[in-house]
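Notes for the one structure printed next.
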Amino acid sequence: MKYVVALLLMIVPALAVPVADTFSDPAMEARARNLQRQLRCLVCQAQSIDESNADLAADMRHLVRSQMREGRTDQQIEDFLVARYGDFVLMRPPVQSDTWMLWLAPFLVLGAGGAVAWVTVKKAGAKGA
Amino acid sequence: MTGELGQLALCFALALSLVMAGAGLVGARADALAARNIANGAAMGLLVFVALAFGTLTYAFIHSDFSIADVANNSHTLKPLVYKISGVWGNHEGSMLLWVLVLAVYAGLVAVLQRGGERLTSGALGVQGLLAAAFLLFILFTSNPFLRLDPAPFEGAGLNPLLQDPGLAVHPPMLYAGYVGLSAAFSYAAAALIVGEQAIRAQWARAARPFMLIAWIALTCGIALGSWWAYYELGWGGFWFWDPVENASLMPWLIATALLHSALATEKSGAFRTWTLLLAIAGFSLSLIGTFLVRSGVLSSVHAFASDPTRGFFIMVLIALAIGGALALFAWRAPSLQGGAAFEPVSRETTLLLNNVFLVAACACVFVGTLYPLVLDAVSGTKISVGPPYYALTFAPIFFALLVLVPLGPRLGWKRAELKPAIQSLYPALGLAAIAAVAVLAIVSPRGLAATGAFAMAGWLIGASIIDVRKRKGARASAFAAALAHAGLGISLMGVAGTTAWRSEALDVLSPGQTMTVGPYTLRFDGVTREKGPNYIADRAHVAVMDGASVKTTLLPEHRFYPAEGQDMNDTAIRTTGFRDLYLALGDDRGSNRFTIRAYVSPLAPFIWLGGLVMALGGLLSLWGRLRVREPEKKPAAPAQAMAAE
């Protein structure tokens with residue numbers, strides 16, 4: 001049922017998005033867009049608030065922008081949203097004790113694979129000699 | 001009657017799959033000729049009865065037989081015929097039946113082609129039979145598409161409008177052809193482990209290659225189709241979201257790609273025998289895990305129509321048995337395989353080995369990124385998101401490193417090669433890479449390291465492919481096939497980089513007659529009309545693309561409402577030049593004829609899918625080369641190699 005609701009929210013057009021809520025300064029606008037891409041829409045599947053039709057995403061976009069107007073840094077805004085919604089809101093998972101395996105695993109596999117490849121090539125070379 | 005006929009056909013199919021499993025496995029023994037004949041016959045029978053069951057369900061969907069629960073829950077009389085048919089697999093029960101149908105088709109192909117000789121074929125059929133039986137049991141006990149409804153409702157509930165789309169009508173069969181195609185490679189690998197004789201074992205990689213190729217082609221097309229659908233249907237111009245369901249199809253593709261390369265080495269030079277077997281097992285295991293992720297409702301997304309825990313549990317047991325059984329067989333029999341062949345550090349074998357290391361690491365990255373949040377949530381209740389930034393930092397550099405090596409492989413000979421002439425022959429490709437990088441830096445803004453690197457890489461890949469095709473006149477189809485597939489990677493890379501780095505967009509609320517600009521285009525909003533589709537009502541925006549004062553063309557993005565399903569949908573309008581897409585989506589109604597219009601200009605977007613198509617064509621060419629040359633069924637070089645390796 002949860003996903004049905006999420007799906008509906010995703011498709012129902014966002015009436016709340018104030019279209020006028022853009023920065024006239026292109027640098028600020030680019031910063032806002034970049035920040036929006038880093039934040040996850042909480043009711044959608046794998047979509048950032050930058051590309052979601054959900055009402056909640058629109059509210060969050062508005063929140064990001066109003067905080068930027070107050071002069072907060074990207075880090076402060078992210079921290080604020082994490083305090084409110086948890087780590088789930090970050091598209092880029094934080095590096096901390098319960099996620100270091102997530103970040104290291106691909107490179108551990110790469111390293112292990114490289115080591116195995118090294119041994120295999122050595123062995124194969126020795127066979128030919 | 002139709003429902004009962006389908007049910008009966010499924011029961012017969014189950015019986016035949018069990019016969020095929022038993023007879024096939026017995027037939028792997030040298031003296032069991034009768035068992036082999038039974039297995040072949042059972043494979044044909046299985047195909048007939050599964051096709052009958054599938055045909056019955058399709059008939060029920062076409063004729064809107066709402067006395068069958070599956071039809072009532074997922075169809076509607078007003079749906080266009082094509083979506084009545086695609087609705088057969090647009091739901092959990094029907095899609096599992098499609099899965100078994102594809103499995104039966106592959107089993108039939110294995111039985112007809114008899115590749116790798118009678119005994120290997122028989123063993124492969126035995127394993128296919130076990131898989132078919134497991135999935136048929138799953139269907140009959142947890143996901144029966146033929147259950148009746150009494151009383152039958154007057155009208156059906158309809159199909160999720162997101163799925164009412166030509167792209168998504170073809171996407172699932174394509175993806176299943178890929179997933180299940182890997183089952184044939186898996187079955188051959190298991191058969192090779194079951195059969196004791198080295199001479200027969202050595203045949204498996206060659207025997208299974210067409211199936212690996214078909215699976216890889218289908219996966220490539222299926223993924224490209226899915227990504228294209230997300231692009232034009234979701235209305236935000238994105239083409240890949242690192243959604244767990246997308247990842248579920250990407251993982252088997254990465255392993256299938258590794259398998260194609262590793263199996264080549266096993267076949268041509270006898271290297272990596274055990275490793276190739278393990279990859280074949282891993283490839284299909286990931287297909288099964290993908291099915292579990294999508295079907296069990298573990299992930300909440302469009303694809304998870306099933307959120308019934310008994311189904312999830314059943315699939316989990318099935319996966320555990322299939323993967324565990326195969327790995328146990330591997331652990332038991334693989335040590336008796338003869339050791340790898342000799343090759344020098346500078347040789348094609350080494351490049352294929354590195355290809356595998358990078359592809360497996362890339363796959364590990366997707367695997368961890370997809371499953372870690374689920375496991376963490378289950379273990380500690382902590383919820384995290386793993387989004388595009390994670391893959392940009394892990395997957396991208398690993399895949400990029402792989403691409404650097406791609407042009408080198410085809411230039412090095414087997415066993416022993418020289419690095420210097422290989423690199424010298426690549427100077428023109430290096431030149432092309434440099435030109436691409438300079439051109440991107442000089443011409444296009446904004447400048448960016450990622451886009452520059454991606455274009456240099458595309459130049460490197462495509463340049464090397466051009467050299468390959470030019471220099472090797474009269475070469476075998478396989479050389480051209482590799483060149484095409486590698487060039488396709490370069491083309492897709494350009495599309496991804498171009499769209500990501502240089503996309504421009506605009507969002508405006510317009511009254512009729514007002515204009516907006518996006519990139520080089522000026523758009524005039526000419527109002528919205530109400531249109532009636534076969535099973536929806538649409539608000540259709542008329543947006544003129546202006547050329548000065550005259551209208552160049554009119555685009556018609558729509559917002560559709562499906563009353564039967566009670567859902568809204570966006571239908572985007574895209575005008576493409578082949579090099580650039582103008583992409584329009586109609587946003588919300590602001591009252592008094594004012595509407596939100598979202599417009600994107602995506603440079604090189606079509607290249608993303610064009611590249612996928614070129615890769616698939618490379619695969620097809622390779623397949624054609626394989627099947628055209630009638631394999632010498634007498635013993636080729638393999639036994640001699642096996643002896644040489646001793």
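By order of appearance in the structure tokens: chains A, B, ..., then residues from 1 within every chain, and ligands from 1 in the order shown.
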Find the spatial neighbours of Thr142 (chain B), counting only C-alpha atoms, within a cut-off of 12 Å - ignore same-chain residues fewer than 3 positions away - and output them as a PyMOL selection string. chain B and resi 92-93+96+134-139+145-147+296+306-315
Would you export the selected residues with N, CA and C atoms as a PDB file, in the first residue's frame, please?
ATOM      1  N   HIS B  92       2.138  -9.347 -11.875  1.00  0.00           N
ATOM      2  CA  HIS B  92       3.037 -10.347 -11.294  1.00  0.00           C
ATOM      3  C   HIS B  92       2.831 -11.749 -11.871  1.00  0.00           C
ATOM      4  N   GLU B  93       1.579 -12.271 -11.820  1.00  0.00           N
ATOM      5  CA  GLU B  93       1.320 -13.659 -12.222  1.00  0.00           C
ATOM      6  C   GLU B  93       1.706 -13.885 -13.681  1.00  0.00           C
ATOM      7  N   MET B  96       5.432 -13.854 -14.392  1.00  0.00           N
ATOM      8  CA  MET B  96       6.127 -15.085 -14.016  1.00  0.00           C
ATOM      9  C   MET B  96       5.880 -16.174 -15.060  1.00  0.00           C
ATOM     10  N   ALA B 134      10.901 -25.548 -10.564  1.00  0.00           N
ATOM     11  CA  ALA B 134      10.845 -24.647  -9.410  1.00  0.00           C
ATOM     12  C   ALA B 134       9.942 -23.452  -9.703  1.00  0.00           C
ATOM     13  N   PHE B 135      10.099 -22.874 -10.899  1.00  0.00           N
ATOM     14  CA  PHE B 135       9.282 -21.698 -11.217  1.00  0.00           C
ATOM     15  C   PHE B 135       7.821 -22.067 -11.451  1.00  0.00           C
ATOM     16  N   LEU B 136       7.574 -23.256 -12.021  1.00  0.00           N
ATOM     17  CA  LEU B 136       6.186 -23.680 -12.210  1.00  0.00           C
ATOM     18  C   LEU B 136       5.504 -23.910 -10.863  1.00  0.00           C
ATOM     19  N   LEU B 137       6.247 -24.501  -9.916  1.00  0.00           N
ATOM     20  CA  LEU B 137       5.697 -24.681  -8.569  1.00  0.00           C
ATOM     21  C   LEU B 137       5.380 -23.325  -7.949  1.00  0.00           C
ATOM     22  N   PHE B 138       6.303 -22.389  -8.139  1.00  0.00           N
ATOM     23  CA  PHE B 138       6.099 -21.034  -7.624  1.00  0.00           C
ATOM     24  C   PHE B 138       4.806 -20.439  -8.186  1.00  0.00           C
ATOM     25  N   ILE B 139       4.614 -20.616  -9.496  1.00  0.00           N
ATOM     26  CA  ILE B 139       3.402 -20.069 -10.127  1.00  0.00           C
ATOM     27  C   ILE B 139       2.153 -20.766  -9.589  1.00  0.00           C
ATOM     28  N   PRO B 145      -2.054 -17.530 -12.305  1.00  0.00           N
ATOM     29  CA  PRO B 145      -2.773 -16.524 -13.088  1.00  0.00           C
ATOM     30  C   PRO B 145      -4.179 -16.976 -13.478  1.00  0.00           C
ATOM     31  N   PHE B 146      -4.530 -18.247 -13.201  1.00  0.00           N
ATOM     32  CA  PHE B 146      -5.819 -18.753 -13.694  1.00  0.00           C
ATOM     33  C   PHE B 146      -6.883 -18.858 -12.609  1.00  0.00           C
ATOM     34  N   LEU B 147      -6.634 -18.285 -11.439  1.00  0.00           N
ATOM     35  CA  LEU B 147      -7.644 -18.344 -10.385  1.00  0.00           C
ATOM     36  C   LEU B 147      -8.923 -17.634 -10.845  1.00  0.00           C
ATOM     37  N   SER B 296       9.464  -9.412  -5.170  1.00  0.00           N
ATOM     38  CA  SER B 296       9.079  -9.744  -3.804  1.00  0.00           C
ATOM     39  C   SER B 296       8.456  -8.561  -3.083  1.00  0.00           C
ATOM     40  N   ALA B 306       4.016  -7.148  -6.641  1.00  0.00           N
ATOM     41  CA  ALA B 306       3.767  -8.188  -5.642  1.00  0.00           C
ATOM     42  C   ALA B 306       4.289  -7.720  -4.304  1.00  0.00           C
ATOM     43  N   SER B 307       3.426  -7.644  -3.333  1.00  0.00           N
ATOM     44  CA  SER B 307       3.964  -7.360  -2.008  1.00  0.00           C
ATOM     45  C   SER B 307       3.490  -8.432  -1.038  1.00  0.00           C
ATOM     46  N   ASP B 308       3.357  -9.629  -1.568  1.00  0.00           N
ATOM     47  CA  ASP B 308       2.898 -10.763  -0.792  1.00  0.00           C
ATOM     48  C   ASP B 308       4.125 -11.467  -0.200  1.00  0.00           C
ATOM     49  N   PRO B 309       4.257 -11.511   1.127  1.00  0.00           N
ATOM     50  CA  PRO B 309       5.479 -12.065   1.709  1.00  0.00           C
ATOM     51  C   PRO B 309       5.706 -13.547   1.381  1.00  0.00           C
ATOM     52  N   THR B 310       4.629 -14.344   1.180  1.00  0.00           N
ATOM     53  CA  THR B 310       4.870 -15.763   0.869  1.00  0.00           C
ATOM     54  C   THR B 310       5.613 -15.904  -0.442  1.00  0.00           C
ATOM     55  N   ARG B 311       5.301 -15.008  -1.383  1.00  0.00           N
ATOM     56  CA  ARG B 311       6.006 -15.048  -2.665  1.00  0.00           C
ATOM     57  C   ARG B 311       7.473 -14.742  -2.476  1.00  0.00           C
ATOM     58  N   GLY B 312       7.733 -13.684  -1.710  1.00  0.00           N
ATOM     59  CA  GLY B 312       9.118 -13.307  -1.467  1.00  0.00           C
ATOM     60  C   GLY B 312       9.876 -14.455  -0.827  1.00  0.00           C
ATOM     61  N   PHE B 313       9.232 -15.103   0.141  1.00  0.00           N
ATOM     62  CA  PHE B 313       9.879 -16.213   0.840  1.00  0.00           C
ATOM     63  C   PHE B 313      10.158 -17.363  -0.125  1.00  0.00           C
ATOM     64  N   PHE B 314       9.158 -17.681  -0.972  1.00  0.00           N
ATOM     65  CA  PHE B 314       9.305 -18.773  -1.940  1.00  0.00           C
ATOM     66  C   PHE B 314      10.479 -18.484  -2.879  1.00  0.00           C
ATOM     67  N   ILE B 315      10.515 -17.257  -3.415  1.00  0.00           N
ATOM     68  CA  ILE B 315      11.609 -16.928  -4.347  1.00  0.00           C
ATOM     69  C   ILE B 315      12.940 -16.996  -3.631  1.00  0.00           C
TER      70      ILE B 315
END
If DSSP is run on the backbone, what residues of region 442-613 of chain B are alpha helix (DSSP H)? A reply as a PyMOL selection string would be ideal. chain B and resi 442-443+449-471+477-502+605-613
Close residues, region 620-627 of chain B itself excluded, 12 Å, only C-alpha atoms, min 5 positions apart in chain, as a PyMOL selection string: chain B and resi 113+115+206-218+220-221+260+264+475-485+613-615+632
Nearby residues (only C-alpha atoms) at most 12 Å from Thr120 (chain A), same-chain spacing under 6 positions excluded, as a PDB file with N, CA and C atoms, in the first residue's frame:
ATOM      1  N   GLY A 113      40.446  -8.499  -6.698  1.00  0.00           N
ATOM      2  CA  GLY A 113      40.482  -8.955  -8.084  1.00  0.00           C
ATOM      3  C   GLY A 113      41.843  -8.710  -8.701  1.00  0.00           C
ATOM      4  N   GLY A 114      42.397  -7.526  -8.424  1.00  0.00           N
ATOM      5  CA  GLY A 114      43.720  -7.210  -8.946  1.00  0.00           C
ATOM      6  C   GLY A 114      44.766  -8.186  -8.430  1.00  0.00           C
ATOM      7  N   ALA A 126      54.724 -18.626 -15.547  1.00  0.00           N
ATOM      8  CA  ALA A 126      55.662 -19.652 -15.088  1.00  0.00           C
ATOM      9  C   ALA A 126      55.433 -20.963 -15.826  1.00  0.00           C
ATOM     10  N   LYS A 127      54.171 -21.233 -16.162  1.00  0.00           N
ATOM     11  CA  LYS A 127      53.832 -22.467 -16.865  1.00  0.00           C
ATOM     12  C   LYS A 127      54.449 -22.507 -18.250  1.00  0.00           C
TER      13      LYS A 127
ATOM     14  N   ALA B 271      42.271 -20.713 -21.145  1.00  0.00           N
ATOM     15  CA  ALA B 271      42.556 -20.018 -19.886  1.00  0.00           C
ATOM     16  C   ALA B 271      41.272 -19.820 -19.072  1.00  0.00           C
ATOM     17  N   PHE B 272      41.443 -19.590 -17.792  1.00  0.00           N
ATOM     18  CA  PHE B 272      40.339 -19.211 -16.873  1.00  0.00           C
ATOM     19  C   PHE B 272      39.171 -20.195 -16.868  1.00  0.00           C
ATOM     20  N   TRP B 275      37.123 -20.031 -13.586  1.00  0.00           N
ATOM     21  CA  TRP B 275      36.578 -18.680 -13.421  1.00  0.00           C
ATOM     22  C   TRP B 275      35.358 -18.472 -14.313  1.00  0.00           C
ATOM     23  N   GLY B 339      44.130 -27.346 -14.725  1.00  0.00           N
ATOM     24  CA  GLY B 339      44.584 -25.982 -14.501  1.00  0.00           C
ATOM     25  C   GLY B 339      44.618 -25.162 -15.773  1.00  0.00           C
ATOM     26  N   GLY B 340      44.755 -23.843 -15.601  1.00  0.00           N
ATOM     27  CA  GLY B 340      44.689 -22.922 -16.723  1.00  0.00           C
ATOM     28  C   GLY B 340      45.860 -23.076 -17.675  1.00  0.00           C
ATOM     29  N   ALA B 341      45.686 -22.467 -18.839  1.00  0.00           N
ATOM     30  CA  ALA B 341      46.719 -22.534 -19.858  1.00  0.00           C
ATOM     31  C   ALA B 341      47.817 -21.527 -19.564  1.00  0.00           C
ATOM     32  N   ALA B 342      48.964 -21.705 -20.238  1.00  0.00           N
ATOM     33  CA  ALA B 342      50.069 -20.776 -20.056  1.00  0.00           C
ATOM     34  C   ALA B 342      49.890 -19.563 -20.956  1.00  0.00           C
ATOM     35  N   PHE B 343      50.190 -18.368 -20.415  1.00  0.00           N
ATOM     36  CA  PHE B 343      50.237 -17.171 -21.260  1.00  0.00           C
ATOM     37  C   PHE B 343      51.182 -16.166 -20.628  1.00  0.00           C
ATOM     38  N   GLU B 344      51.695 -15.299 -21.470  1.00  0.00           N
ATOM     39  CA  GLU B 344      52.628 -14.269 -21.019  1.00  0.00           C
ATOM     40  C   GLU B 344      51.870 -13.097 -20.394  1.00  0.00           C
ATOM     41  N   PRO B 345      52.540 -12.308 -19.552  1.00  0.00           N
ATOM     42  CA  PRO B 345      51.869 -11.128 -18.979  1.00  0.00           C
ATOM     43  C   PRO B 345      51.330 -10.173 -20.051  1.00  0.00           C
ATOM     44  N   GLU B 349      44.986 -12.649 -23.093  1.00  0.00           N
ATOM     45  CA  GLU B 349      44.448 -13.232 -21.862  1.00  0.00           C
ATOM     46  C   GLU B 349      44.502 -12.231 -20.708  1.00  0.00           C
ATOM     47  N   THR B 350      45.637 -11.543 -20.587  1.00  0.00           N
ATOM     48  CA  THR B 350      45.783 -10.599 -19.477  1.00  0.00           C
ATOM     49  C   THR B 350      44.767  -9.462 -19.580  1.00  0.00           C
ATOM     50  N   LEU B 353      41.467 -10.685 -18.558  1.00  0.00           N
ATOM     51  CA  LEU B 353      41.446 -10.854 -17.103  1.00  0.00           C
ATOM     52  C   LEU B 353      41.174  -9.513 -16.421  1.00  0.00           C
ATOM     53  N   LEU B 354      41.872  -8.463 -16.908  1.00  0.00           N
ATOM     54  CA  LEU B 354      41.651  -7.131 -16.326  1.00  0.00           C
ATOM     55  C   LEU B 354      40.233  -6.657 -16.611  1.00  0.00           C
ATOM     56  N   VAL B 357      38.197  -8.163 -13.979  1.00  0.00           N
ATOM     57  CA  VAL B 357      38.394  -7.564 -12.658  1.00  0.00           C
ATOM     58  C   VAL B 357      37.588  -6.273 -12.549  1.00  0.00           C
TER      59      VAL B 357
END
Set the cut-off to 7 Å and count only C-alpha atoms: what are the residues of chain B that reach chain A? Output as JSON, numbers by chain. {"B": [236, 241, 243, 300, 301, 341, 342, 343, 344, 345, 350, 353, 357, 358, 361, 362, 364, 365, 368, 369, 372, 383, 384, 385, 386, 387, 388, 389, 390, 394, 568, 569, 588]}
